[in-house]
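Dropping structure-v4.txt in here (compact mmCIF, C-alpha atoms):
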```
# COMPACT_ATOMS: atom_id res chain seq x y z
CA MET A 1 125.26 89.79 110.00
CA LYS A 2 123.37 93.09 110.12
CA LEU A 3 123.09 95.79 112.74
CA LYS A 4 121.19 99.06 112.42
CA LEU A 5 119.78 101.22 115.23
CA GLU A 6 118.09 104.62 115.20
CA ILE A 7 116.98 106.95 118.00
CA ASN A 8 115.43 110.41 117.90
CA GLY A 9 116.28 112.52 120.92
CA ASN A 10 113.72 115.20 120.12
CA ASP A 11 110.73 112.88 119.89
CA TYR A 12 111.75 110.66 122.83
CA PRO A 13 114.00 112.64 125.19
CA GLU A 14 113.75 110.08 128.02
CA ASN A 15 114.98 107.31 125.76
CA PHE A 16 117.93 109.36 124.58
CA LYS A 17 118.70 110.35 128.18
CA LEU A 18 119.06 106.66 129.04
CA LEU A 19 121.42 106.08 126.12
CA LYS A 20 123.51 109.18 126.85
CA THR A 21 123.75 108.49 130.59
CA THR A 22 124.75 104.89 129.97
CA VAL A 23 127.48 105.69 127.44
CA THR A 24 128.96 108.59 129.42
CA THR A 25 128.98 106.56 132.66
CA VAL A 26 130.70 103.60 131.05
CA ALA A 27 133.27 105.88 129.40
CA SER A 28 134.07 107.46 132.78
CA LEU A 29 135.15 104.05 134.10
CA ARG A 30 137.12 102.60 131.17
CA SER A 31 137.74 103.55 127.55
CA LEU A 32 136.94 100.07 126.23
CA ALA A 33 133.65 98.23 126.66
CA VAL A 34 131.74 95.29 125.23
CA LEU A 35 128.52 95.96 123.31
CA ARG A 36 126.27 92.89 123.27
CA PHE A 37 123.28 93.16 120.92
CA ASP A 38 120.53 90.57 120.73
CA SER A 39 116.90 90.43 119.64
CA ASP A 40 115.60 91.99 122.88
CA ARG A 41 118.11 94.54 124.14
CA LEU A 42 121.53 96.13 124.08
CA VAL A 43 123.84 95.35 126.99
CA ILE A 44 126.93 97.52 127.50
CA ILE A 45 129.55 95.91 129.74
CA SER A 46 132.58 97.58 131.26
CA THR A 47 134.88 95.02 132.83
CA PRO A 48 138.69 94.62 133.05
CA ARG A 49 140.60 92.92 130.25
CA VAL A 50 142.95 89.97 130.44
CA SER A 51 145.09 90.82 127.44
CA ASN A 52 147.03 94.02 126.89
CA GLY A 53 145.14 96.06 124.35
CA VAL A 54 144.46 93.15 121.97
CA VAL A 55 141.56 90.71 122.15
CA ALA A 56 143.05 87.22 122.25
CA GLY A 57 141.31 83.96 121.61
CA HIS A 58 142.26 82.58 125.03
CA GLY A 59 140.29 85.18 126.99
CA VAL A 60 138.91 88.66 126.88
CA VAL A 61 137.92 89.99 130.25
CA ALA A 62 138.03 89.10 133.93
CA ARG A 63 136.44 90.31 137.16
CA ASP A 64 138.05 93.14 139.04
CA SER A 65 137.19 95.85 141.52
CA GLY A 66 134.40 97.39 139.43
CA GLU A 67 132.08 96.20 136.69
CA LEU A 68 129.26 98.05 134.97
CA TRP A 69 126.39 96.14 133.39
CA CYS A 70 123.98 98.41 131.52
CA THR A 71 120.72 97.28 129.90
CA ILE A 72 118.98 99.28 127.18
CA PRO A 73 115.70 97.70 125.94
CA ARG A 74 115.13 97.53 122.20
CA ASP A 75 112.07 99.81 122.31
CA VAL A 76 114.33 102.68 123.37
CA PHE A 77 115.27 102.87 119.69
CA SER A 78 112.80 103.86 117.00
CA LEU A 79 114.51 101.33 114.71
CA TYR A 80 116.21 98.23 116.09
CA HIS A 81 117.38 95.65 113.56
CA VAL A 82 119.83 92.95 114.64
CA SER A 83 120.47 89.83 112.59
CA ALA A 84 123.18 87.23 113.19
CA GLU A 85 123.77 83.49 112.96
CA ARG A 86 124.26 83.09 116.72
CA GLN A 87 121.46 82.20 119.11
CA ASN A 88 118.99 85.05 119.70
CA ASN A 89 120.79 87.02 116.96
CA THR A 90 123.58 87.91 119.38
CA ILE A 91 126.35 90.22 118.18
CA ALA A 92 129.20 90.97 120.63
CA LEU A 93 131.62 93.79 119.84
CA GLU A 94 134.53 95.34 121.67
CA CYS A 95 134.31 99.08 121.19
CA ASN A 96 136.16 102.24 122.18
CA VAL A 97 133.30 103.69 124.19
CA GLU A 98 135.13 107.00 124.56
CA SER A 99 134.73 107.59 120.81
CA LEU A 100 131.09 106.55 121.02
CA LYS A 101 130.55 108.99 123.89
CA ASN A 102 132.02 111.86 121.84
CA ALA A 103 129.66 111.10 118.95
CA VAL A 104 126.61 110.92 121.24
CA LEU A 105 127.53 114.21 122.93
CA ARG A 106 127.96 115.91 119.55
CA TYR A 107 124.47 114.78 118.62
CA ASP A 108 123.16 116.05 121.94
CA LYS A 109 124.73 119.45 121.26
CA VAL A 110 123.12 119.60 117.82
CA MET A 111 119.72 118.85 119.36
CA THR A 112 120.08 121.63 121.93
CA GLN A 113 120.72 124.04 119.05
CA GLY A 114 117.34 123.24 117.53
CA SER A 115 118.08 120.55 114.94
CA ALA A 116 115.57 117.71 114.89
CA SER A 117 117.43 114.72 113.48
CA THR A 118 117.88 111.01 114.08
CA LEU A 119 121.01 109.37 115.47
CA GLN A 120 121.88 106.23 113.52
CA LEU A 121 124.25 103.41 114.48
CA LYS A 122 125.13 100.92 111.78
CA LEU A 123 127.65 98.11 111.52
CA ARG A 124 129.82 98.33 108.42
CA GLN A 125 132.27 95.77 107.12
CA MET A 126 135.74 97.20 106.45
CA PRO A 127 137.65 94.85 104.12
CA GLU A 128 140.59 97.23 103.89
CA TRP A 129 141.06 97.06 107.67
CA ASN A 130 141.21 93.26 107.54
CA ALA A 131 143.68 92.92 104.67
CA ALA A 132 146.30 91.41 106.98
CA SER A 133 143.93 88.63 108.11
CA ALA A 134 144.05 87.12 104.61
CA ASN A 135 147.59 85.96 105.36
CA GLY A 136 146.38 83.55 108.04
CA PRO A 137 147.41 83.37 111.74
CA ASP A 138 149.95 85.74 113.22
CA SER A 139 153.47 84.81 114.29
CA ALA A 140 152.21 83.51 117.65
CA GLY A 141 149.80 81.11 115.97
CA ASN A 142 146.64 82.97 117.04
CA SER A 143 143.88 83.53 114.54
CA ARG A 144 143.58 87.14 113.54
CA ILE A 145 140.58 89.12 114.75
CA ARG A 146 138.05 90.63 112.41
CA VAL A 147 137.70 94.38 112.66
CA ALA A 148 134.66 96.33 111.51
CA ALA A 149 133.29 99.84 111.99
CA LEU A 150 130.36 101.09 113.99
CA ALA A 151 129.19 104.00 111.86
CA VAL A 152 127.53 106.78 113.83
CA SER A 153 125.74 109.44 111.77
CA PHE A 154 123.23 112.26 112.12
CA GLU A 155 122.28 115.47 110.33
CA GLU A 156 122.39 119.09 111.40
CA LEU A 157 120.34 121.95 109.99
CA VAL A 158 122.19 125.28 110.12
CA ASN A 159 121.56 128.80 108.85
CA VAL A 160 124.14 130.17 106.40
CA TYR A 161 124.37 133.41 104.43
CA SER A 162 124.65 133.38 100.66
CA GLY A 163 125.96 136.00 98.24
CA GLN A 164 127.65 138.23 100.79
CA GLY A 165 129.53 138.27 104.02
CA LYS A 166 127.86 137.55 107.30
CA ASP A 167 128.29 141.07 108.68
CA ASP A 168 126.92 142.63 105.49
CA ALA A 169 123.94 140.30 105.53
CA PHE A 170 123.24 141.18 109.15
CA MET A 171 123.34 144.92 108.46
CA ASP A 172 121.11 144.50 105.39
CA ALA A 173 118.62 142.40 107.30
CA THR A 174 118.56 144.95 110.12
CA GLN A 175 118.05 148.00 107.90
CA ASN A 176 115.72 146.56 105.26
CA ASN A 177 113.96 143.98 107.46
CA THR A 178 114.93 141.22 105.02
CA SER A 179 116.92 138.03 105.60
CA HIS A 180 119.46 136.44 103.30
CA ALA A 181 119.95 133.38 105.49
CA VAL A 182 119.33 129.98 103.93
CA ASN A 183 119.12 126.55 105.53
CA LYS A 184 121.90 124.08 104.89
CA LEU A 185 121.89 120.41 105.83
CA ILE A 186 125.21 119.11 107.19
CA SER A 187 125.79 115.39 107.61
CA HIS A 188 127.97 114.24 110.50
CA SER A 189 129.44 110.75 110.44
CA SER A 190 132.21 108.86 112.18
CA LYS A 191 133.47 105.30 112.05
CA ILE A 192 134.44 103.69 115.34
CA PRO A 193 136.64 100.58 115.02
CA VAL A 194 135.14 97.52 116.72
CA ARG A 195 136.37 93.95 117.16
CA PHE A 196 134.09 90.95 116.90
CA LEU A 197 133.97 88.54 119.83
CA ASN A 198 133.23 84.93 118.98
CA ALA A 199 130.79 82.82 120.99
CA GLN A 200 133.50 81.37 123.26
CA GLN A 201 134.88 84.78 124.12
CA ASP A 202 131.42 86.23 124.72
CA GLU A 203 130.42 83.37 127.03
CA ARG A 204 133.42 84.08 129.24
CA ILE A 205 131.90 87.46 130.13
CA GLN A 206 129.50 86.56 132.93
CA GLU A 207 127.66 88.95 135.21
CA PRO A 208 128.88 88.83 138.84
CA MET A 209 126.71 87.26 141.51
CA MET A 210 125.94 88.29 145.06
CA ASP A 211 124.43 86.51 148.01
CA TYR A 212 121.53 88.87 148.70
CA ASN A 213 120.44 86.71 151.66
CA GLN A 214 123.44 88.01 153.65
CA THR A 215 123.30 91.59 152.46
CA MET A 216 121.87 94.88 153.62
CA LEU A 217 119.53 96.27 150.96
CA CYS A 218 118.22 99.82 151.08
CA ARG A 219 116.44 102.11 148.67
CA LEU A 220 118.21 105.46 148.52
CA PRO A 221 116.31 108.76 148.45
CA SER A 222 115.38 109.79 144.93
CA ILE A 223 117.34 112.68 143.47
CA THR A 224 113.97 114.41 142.85
CA ASP A 225 112.88 114.08 146.50
CA GLU A 226 113.49 116.59 149.23
CA ALA A 227 116.31 114.51 150.70
CA GLY A 228 117.87 113.71 147.30
CA GLY A 229 120.14 116.74 147.12
CA ALA A 230 121.39 116.21 150.67
CA PHE A 231 122.18 112.55 149.98
CA LEU A 232 124.10 113.50 146.83
CA ASN A 233 126.21 115.89 148.95
CA PHE A 234 126.76 113.02 151.40
CA LEU A 235 128.15 110.81 148.61
CA LYS A 236 130.31 113.59 147.18
CA ARG A 237 131.70 114.72 150.52
CA ILE A 238 134.68 112.35 150.27
CA GLU A 239 135.71 113.94 146.95
CA ARG A 240 137.09 116.88 148.91
CA TYR A 241 139.96 114.70 150.09
CA THR A 242 141.93 113.81 146.96
CA ASN A 243 144.61 111.88 148.86
CA VAL A 244 142.16 109.30 150.23
CA ASN A 245 142.33 106.03 148.28
CA HIS A 246 140.12 103.67 150.29
CA ILE A 247 136.95 104.18 152.31
CA LYS A 248 134.86 101.90 154.49
CA LEU A 249 131.18 101.84 153.65
CA GLN A 250 129.13 100.81 156.67
CA GLY A 251 125.44 100.04 156.72
CA SER A 252 123.57 99.11 159.88
CA THR A 253 119.99 98.35 160.86
CA SER A 254 118.45 98.65 164.28
CA PRO A 255 117.30 95.39 165.91
CA HIS A 256 114.25 97.25 167.25
CA ILE A 257 111.19 97.72 165.07
CA SER A 258 109.35 101.04 165.17
CA HIS A 259 106.36 102.02 163.04
CA ASN A 260 106.45 98.54 161.42
CA ARG A 261 109.97 99.06 160.09
CA ARG A 262 113.59 99.00 161.14
CA ASP A 263 115.71 102.10 161.06
CA ALA A 264 118.79 101.99 158.82
CA LYS A 265 121.98 104.03 158.99
CA LEU A 266 124.75 104.61 156.48
CA ARG A 267 128.26 105.88 157.19
CA ILE A 268 131.48 106.51 155.26
CA LEU A 269 134.60 105.94 157.33
CA VAL A 270 138.20 106.84 156.53
CA ASP A 271 141.04 105.34 158.55
CA GLU A 272 144.28 106.01 156.74
CA LEU A 273 147.03 108.59 156.50
CA ASP A 274 147.10 108.72 160.34
CA TRP A 275 143.70 110.38 160.61
CA ASN A 276 140.12 109.27 161.03
CA LEU A 277 136.98 110.65 159.41
CA VAL A 278 133.35 109.62 159.84
CA ILE A 279 130.63 110.93 157.49
CA SER A 280 127.14 109.90 158.58
CA TRP A 281 123.81 110.03 156.77
CA ASN A 282 121.08 110.85 159.25
CA GLY A 283 118.23 111.10 156.76
CA PRO A 284 115.68 108.47 155.72
CA LEU A 285 116.69 105.08 154.30
CA GLU A 286 114.15 102.48 153.21
CA LEU A 287 115.17 98.87 153.81
CA GLN A 288 114.38 96.44 151.00
CA GLU A 289 113.83 92.73 150.66
CA ARG A 290 115.39 90.27 148.22
CA ALA A 291 112.21 90.32 146.13
CA ASP A 292 112.79 94.00 145.28
CA ILE A 293 116.10 93.13 143.64
CA ASP A 294 114.59 90.14 141.84
CA GLU A 295 111.92 92.37 140.32
CA MET A 296 114.49 94.84 138.99
CA ALA A 297 116.92 92.31 137.46
CA GLU A 298 117.78 88.64 137.43
CA PRO A 299 121.49 87.66 137.58
CA THR A 300 122.74 85.61 134.67
CA SER A 301 125.64 83.71 136.21
CA PRO A 302 124.85 80.16 137.30
CA GLU A 303 126.99 80.30 140.45
CA ARG A 304 128.32 82.81 142.88
CA PRO A 305 132.04 83.48 142.23
CA ARG A 306 133.07 82.77 145.81
CA SER A 307 132.13 80.34 148.55
CA GLU A 308 129.49 81.29 151.07
CA THR A 309 130.94 82.85 154.21
CA PRO A 310 129.15 83.89 157.41
CA LEU A 311 128.99 87.50 158.40
CA LEU A 312 131.73 88.64 160.72
CA SER A 313 130.76 90.06 164.08
CA ARG A 314 132.21 93.38 165.13
CA ILE A 315 131.75 92.44 168.79
CA SER A 316 133.45 89.07 168.44
CA GLY A 317 136.64 90.57 167.05
CA ASP A 318 137.15 87.99 164.27
CA ASN A 319 135.58 85.23 166.38
CA ASN A 320 138.04 85.57 169.28
CA PHE A 321 135.26 86.28 171.80
CA ASP A 322 135.08 83.68 174.58
CA ARG A 323 131.78 81.91 174.13
CA ILE A 324 130.09 79.76 176.81
CA ASP A 325 129.09 76.37 175.47
CA ASP A 326 126.11 74.35 176.62
CA SER A 327 128.01 72.19 179.13
CA GLU A 328 129.43 75.23 180.92
CA VAL A 329 125.99 76.83 181.05
CA ASN A 330 124.46 73.72 182.62
CA THR A 331 127.19 73.61 185.27
CA LEU A 332 126.67 77.23 186.17
CA GLN A 333 122.91 76.82 186.33
CA GLU A 334 123.26 74.11 188.99
CA SER A 335 125.40 76.26 191.30
CA GLY A 336 122.55 78.25 192.83
CA PRO A 337 119.84 80.82 192.13
CA ASP A 338 122.06 83.90 192.52
CA THR A 339 124.71 82.55 190.18
CA ASN A 340 122.04 81.40 187.74
CA SER A 341 120.45 84.88 187.64
CA HIS A 342 123.82 86.52 187.09
CA THR A 343 124.70 84.09 184.31
CA ASN A 344 121.37 84.55 182.53
CA GLY A 345 121.84 88.31 182.59
CA PHE A 346 125.32 87.95 181.16
CA LEU A 347 124.12 85.61 178.42
CA GLU A 348 121.33 88.01 177.49
CA GLN A 349 123.89 90.80 177.09
CA VAL A 350 126.06 88.60 174.89
CA GLN A 351 123.08 87.58 172.75
CA GLN A 352 121.95 91.20 172.39
CA ALA A 353 125.44 92.28 171.36
CA GLU A 354 125.63 89.51 168.78
CA ASP A 355 122.19 90.38 167.40
CA GLU A 356 123.13 94.04 167.02
CA SER A 357 126.51 93.26 165.44
CA SER A 358 124.95 90.84 162.96
CA LEU A 359 122.95 93.76 161.54
CA VAL A 360 126.10 95.70 160.59
CA GLN A 361 127.49 95.28 157.06
CA GLU A 362 130.87 96.77 156.14
CA VAL A 363 133.03 96.71 153.05
CA ILE A 364 136.16 98.62 152.01
CA ILE A 365 136.08 100.06 148.49
CA ARG A 366 138.10 102.57 146.52
CA SER A 367 137.08 106.20 146.86
CA LYS A 368 136.94 106.60 143.07
CA ASP A 369 134.29 103.86 142.94
CA LEU A 370 132.13 105.97 145.24
CA LYS A 371 132.61 108.86 142.82
CA VAL A 372 131.04 106.76 140.06
CA CYS A 373 128.15 105.98 142.43
CA SER A 374 127.49 109.69 143.00
CA LYS A 375 127.23 110.23 139.22
CA LEU A 376 124.78 107.35 138.89
CA PHE A 377 122.69 108.60 141.81
CA ALA A 378 122.38 112.03 140.19
CA ALA A 379 121.26 110.52 136.85
CA PHE A 380 118.67 107.94 137.97
CA GLU A 381 115.50 108.37 139.98
CA GLU A 382 115.42 104.88 141.52
CA VAL A 383 118.56 103.50 143.17
CA ILE A 384 118.95 100.47 145.45
CA MET A 385 122.25 99.88 147.24
CA ALA A 386 123.41 96.51 148.53
CA ILE A 387 126.29 96.01 150.97
CA SER A 388 127.61 92.47 151.35
CA HIS A 389 129.81 92.20 154.43
CA ASP A 390 133.53 92.21 153.57
CA TYR A 391 132.77 91.18 150.00
CA ALA A 392 131.21 93.75 147.68
CA CYS A 393 128.85 96.65 147.17
CA VAL A 394 126.25 96.95 144.42
CA PHE A 395 124.64 100.12 143.07
CA HIS A 396 121.47 99.17 141.18
CA CYS A 397 119.97 102.04 139.17
CA SER A 398 116.70 101.87 137.28
CA LEU A 399 114.93 104.36 135.02
CA SER A 400 111.17 104.03 134.57
CA ARG A 401 110.04 104.64 130.99
CA GLY A 402 106.28 104.85 131.36
CA LEU A 403 103.53 102.59 130.04
CA ARG A 404 103.70 100.40 126.96
CA ASP A 405 99.92 100.18 126.73
CA THR A 406 97.63 102.66 128.51
CA GLN A 407 94.68 100.27 128.41
CA THR A 408 96.40 97.26 129.99
CA GLN A 409 98.67 99.48 132.15
CA GLU A 410 101.62 97.37 131.00
CA GLU A 411 104.88 99.14 131.78
CA LYS A 412 107.84 99.34 129.46
CA GLU A 413 111.01 97.51 130.38
CA ASN A 414 113.16 99.72 132.59
CA GLY A 415 116.60 100.82 131.61
CA GLN A 416 119.18 99.64 134.14
CA ILE A 417 122.75 100.21 135.21
CA ILE A 418 124.23 97.85 137.78
CA TYR A 419 127.61 98.75 139.26
CA TYR A 420 129.35 95.83 140.98
CA ILE A 421 132.16 96.96 143.31
CA SER A 422 134.40 94.30 144.81
CA ARG A 423 136.18 95.04 148.06
CA SER A 424 139.56 96.73 147.67
CA LYS A 425 140.81 95.43 151.03
CA ALA A 426 139.75 92.80 153.49
CA LEU A 427 138.46 94.14 156.80
CA GLU A 428 140.99 92.10 158.78
CA PHE A 429 143.88 93.82 156.96
CA ALA A 430 142.44 97.33 157.14
```

Spell out the structure here as C-alpha cells.
Amino acid sequence: MKLKLEINGNDYPENFKLLKTTVTTVASLRSLAVLRFDSDRLVIISTPRVSNGVVAGHGVVARDSGELWCTIPRDVFSLYHVSAERQNNTIALECNVESLKNAVLRYDKVMTQGSASTLQLKLRQMPEWNAASANGPDSAGNSRIRVAALAVSFEELVNVYSGQGKDDAFMDATQNNTSHAVNKLISHSSKIPVRFLNAQQDERIQEPMMDYNQTMLCRLPSITDEAGGAFLNFLKRIERYTNVNHIKLQGSTSPHISHNRRDAKLRILVDELDWNLVISWNGPLELQERADIDEMAEPTSPERPRSETPLLSRISGDNNFDRIDDSEVNTLQESGPDTNSHTNGFLEQVQQAEDESSLVQEVIIRSKDLKVCSKLFAAFEEVIMAISHDYACVFHCSLSRGLRDTQTQEEKENGQIIYYISRSKALEFA
C-alpha cells in the first residue's frame, strides 16, 4: 500500500484553493473525517460516527443532520500516486481533519510570505504505534485497528543574519549599503495519526440520496455577480440571532410563466421563542431541471434512504381539506345551470389553490447548518440549492478548473462539495 500526493500552491493557485476550501469547510463541521483515495480522485467525507471515538468493526458512521461529500480530482495534484490491493486502488482512512487543516493553513501562510514550495502528503507505516496489536484482539474480542501516519511536509525559505545580531546587521546594511542576510531552508513536517478502514467499513459509508423529481432546484447568484454580495448577506442575516436554533427554509415558484420562465422566491422563517421573523430574498433566482444536477454529480447510493412521500399542501392543512369527489360533482351538476356555474367556479378556485401550494417546498433545518452554507456560497462560484419538502436540503457547490485540452475544448473535472442537510424537525411538529 502506497500513498503520495504533491501540490504546488504557487504554480496552481486554483487547485490549492480547492484543497484549502475543502479541508477548512470539513473541519468547521466535525474534527474527524474519512479520506477515501482511489485511482481517479480524493473524496473527503464528513459524517457522524456510530462508535464513541474508536472505529469499531461493527460500524463506522451513520447518517445524521448534515453530511459533507467533497470531491477533489487527481489532476489537482502535481503528483498523485495511490496503490492498494483493493478495487480501483482504494485506500480509506479516518483522519483528524482539524490537524490536516492546521498543516494546510501553515503552508498557505508560508506561500503568502514568498516561499515557493510544494506541499507533500505521504502515508507512513508506524510500527511503534501498532505494538499493542501484536497481542491479538482486545478484551472485548474485537480485532485491533491498524494506525498509520499521514505525513504532511513542505519547505520554507527564510532570510537570516549571520555573524552578528539582527539590529547590528540592519544598521550596517543601512549605512554601508551592504546586506549580511543569507537564505536558509527550513523543513516543516507533521505526522497526523490515521486509522485504516477495511472494505466492509468503507462500504457502509454511502452517499445520501434525494428524490430530485419532487424538489425545488435553483441556481443561486454567483458570489462574483452583482447580486452575489446581497445574497451572502441574506444567508448570514440569521447569524445575528444567536439564540435561534431552528429555521424554516421556504422555496416557492410561481405557477405563471413570464418571459419563458417561472419566478422563484426564497425565504427564511423563524417561529420560536414566542416571536416570528421572515427574511425574504427578492433578487433573481434561476430555476433548474434535474439534468443540471445529473451533469454536476451522480449519486452513488443504489436506493433512496426513505420511502417516497407526496408533497404536503399548505392549503390542505395536512390533507384535512374537504374535497369534492366525482359522485358529488355529478350530483351538483344536475341541479341546474346556476348551481353548476357556482360549483365550477368553486372547483377552479380549489384547483388553483392546490396548484399554487404544490409549488411551495419547505424544510426545517438547524441555523448552524445555514451558517455552513453561507461559507460554501462565499467560496464557490457555482452553487445549486435543492429543497425537498419536509425532508432535506442540499447545497451543491462546484468549482470550474478550466480546460484540460485547448484544442479539443475538453474541460477538467470540477471540484465539488455537496452538503446534505436532513430536516431537524418535521413540519407537522413545528

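Distance-wise, CA of Lys371 in chain A and CA of Ser222 in chain A end up 17.4 Å apart.
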
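You will find CA of His389 in chain A at 14.8 Å from CA of Leu269 in chain A.
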
For CA of Leu220 in chain A and CA of Leu19 in chain A, the interatomic separation in Å (one decimal): 22.6 Å

All residues 6 Å or closer to range 188-190 of chain A, only C-alpha atoms, same chain fewer than 3 positions away omitted, as a VMD selection string: chain A and resid 151 to 155

Keeping C-alpha atoms for every residue in the selection just given, could you write it to a file as a PDB file, keeping the file's coordinate frame?
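Once everything was written out, this is part-v2.pdb:
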```
ATOM      1  CA  ALA A 151     129.190 104.000 111.860  1.00  0.00           C
ATOM      2  CA  VAL A 152     127.530 106.780 113.830  1.00  0.00           C
ATOM      3  CA  SER A 153     125.740 109.440 111.770  1.00  0.00           C
ATOM      4  CA  PHE A 154     123.230 112.260 112.120  1.00  0.00           C
ATOM      5  CA  GLU A 155     122.280 115.470 110.330  1.00  0.00           C
TER       6      GLU A 155
END
```

Let me make sure I understand: among A:Leu5, A:Val383, A:Leu35, A:Val97, which one has the smallest atom-to-atom distance to Thr224 in chain A if we use only C-alpha atoms?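 Closest to Thr224 in chain A of all the choices is A:Val383.
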
Find, counting only C-alpha atoms, the residue in A:Ser374, A:Ser117, A:Ser187, A:Thr90 that gets nearest to Gly229 in chain A.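 Closest to Gly229 in chain A, using only C-alpha atoms: A:Ser374.
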
Can you put N, CA and C atoms back into range 187-203 of chain A and show it as a PDB file, keeping the file's coordinate frame?
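That gives us part06.pdb:
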```
ATOM      1  N   SER A 187     125.779 116.775 107.145  1.00  0.00           N
ATOM      2  CA  SER A 187     125.790 115.390 107.610  1.00  0.00           C
ATOM      3  C   SER A 187     127.051 115.130 108.431  1.00  0.00           C
ATOM      4  N   HIS A 188     126.866 114.611 109.628  1.00  0.00           N
ATOM      5  CA  HIS A 188     127.970 114.240 110.500  1.00  0.00           C
ATOM      6  C   HIS A 188     128.068 112.716 110.535  1.00  0.00           C
ATOM      7  N   SER A 189     129.258 112.205 110.388  1.00  0.00           N
ATOM      8  CA  SER A 189     129.440 110.750 110.440  1.00  0.00           C
ATOM      9  C   SER A 189     130.837 110.444 110.965  1.00  0.00           C
ATOM     10  N   SER A 190     130.924 109.338 111.671  1.00  0.00           N
ATOM     11  CA  SER A 190     132.210 108.860 112.180  1.00  0.00           C
ATOM     12  C   SER A 190     132.189 107.345 112.202  1.00  0.00           C
ATOM     13  N   LYS A 191     133.333 106.751 112.040  1.00  0.00           N
ATOM     14  CA  LYS A 191     133.470 105.300 112.050  1.00  0.00           C
ATOM     15  C   LYS A 191     134.341 104.892 113.225  1.00  0.00           C
ATOM     16  N   ILE A 192     133.747 104.144 114.139  1.00  0.00           N
ATOM     17  CA  ILE A 192     134.440 103.690 115.340  1.00  0.00           C
ATOM     18  C   ILE A 192     134.881 102.246 115.133  1.00  0.00           C
ATOM     19  N   PRO A 193     136.182 101.960 115.184  1.00  0.00           N
ATOM     20  CA  PRO A 193     136.640 100.580 115.020  1.00  0.00           C
ATOM     21  C   PRO A 193     136.105  99.682 116.131  1.00  0.00           C
ATOM     22  N   VAL A 194     135.620  98.510 115.755  1.00  0.00           N
ATOM     23  CA  VAL A 194     135.140  97.520 116.720  1.00  0.00           C
ATOM     24  C   VAL A 194     135.722  96.164 116.354  1.00  0.00           C
ATOM     25  N   ARG A 195     135.867  95.309 117.365  1.00  0.00           N
ATOM     26  CA  ARG A 195     136.370  93.950 117.160  1.00  0.00           C
ATOM     27  C   ARG A 195     135.267  92.961 117.504  1.00  0.00           C
ATOM     28  N   PHE A 196     135.089  91.974 116.656  1.00  0.00           N
ATOM     29  CA  PHE A 196     134.090  90.950 116.900  1.00  0.00           C
ATOM     30  C   PHE A 196     134.579  89.975 117.973  1.00  0.00           C
ATOM     31  N   LEU A 197     133.687  89.586 118.856  1.00  0.00           N
ATOM     32  CA  LEU A 197     133.970  88.540 119.830  1.00  0.00           C
ATOM     33  C   LEU A 197     133.213  87.285 119.409  1.00  0.00           C
ATOM     34  N   ASN A 198     133.917  86.170 119.347  1.00  0.00           N
ATOM     35  CA  ASN A 198     133.230  84.930 118.980  1.00  0.00           C
ATOM     36  C   ASN A 198     132.424  84.423 120.176  1.00  0.00           C
ATOM     37  N   ALA A 199     131.701  83.323 119.958  1.00  0.00           N
ATOM     38  CA  ALA A 199     130.790  82.820 120.990  1.00  0.00           C
ATOM     39  C   ALA A 199     131.542  82.420 122.252  1.00  0.00           C
ATOM     40  N   GLN A 200     132.730  81.798 122.090  1.00  0.00           N
ATOM     41  CA  GLN A 200     133.500  81.370 123.260  1.00  0.00           C
ATOM     42  C   GLN A 200     133.974  82.566 124.073  1.00  0.00           C
ATOM     43  N   GLN A 201     134.432  83.590 123.406  1.00  0.00           N
ATOM     44  CA  GLN A 201     134.880  84.780 124.120  1.00  0.00           C
ATOM     45  C   GLN A 201     133.716  85.475 124.820  1.00  0.00           C
ATOM     46  N   ASP A 202     132.580  85.553 124.141  1.00  0.00           N
ATOM     47  CA  ASP A 202     131.420  86.230 124.720  1.00  0.00           C
ATOM     48  C   ASP A 202     130.897  85.481 125.939  1.00  0.00           C
ATOM     49  N   GLU A 203     130.930  84.158 125.907  1.00  0.00           N
ATOM     50  CA  GLU A 203     130.420  83.370 127.030  1.00  0.00           C
ATOM     51  C   GLU A 203     131.294  83.501 128.270  1.00  0.00           C
TER      52      GLU A 203
END
```
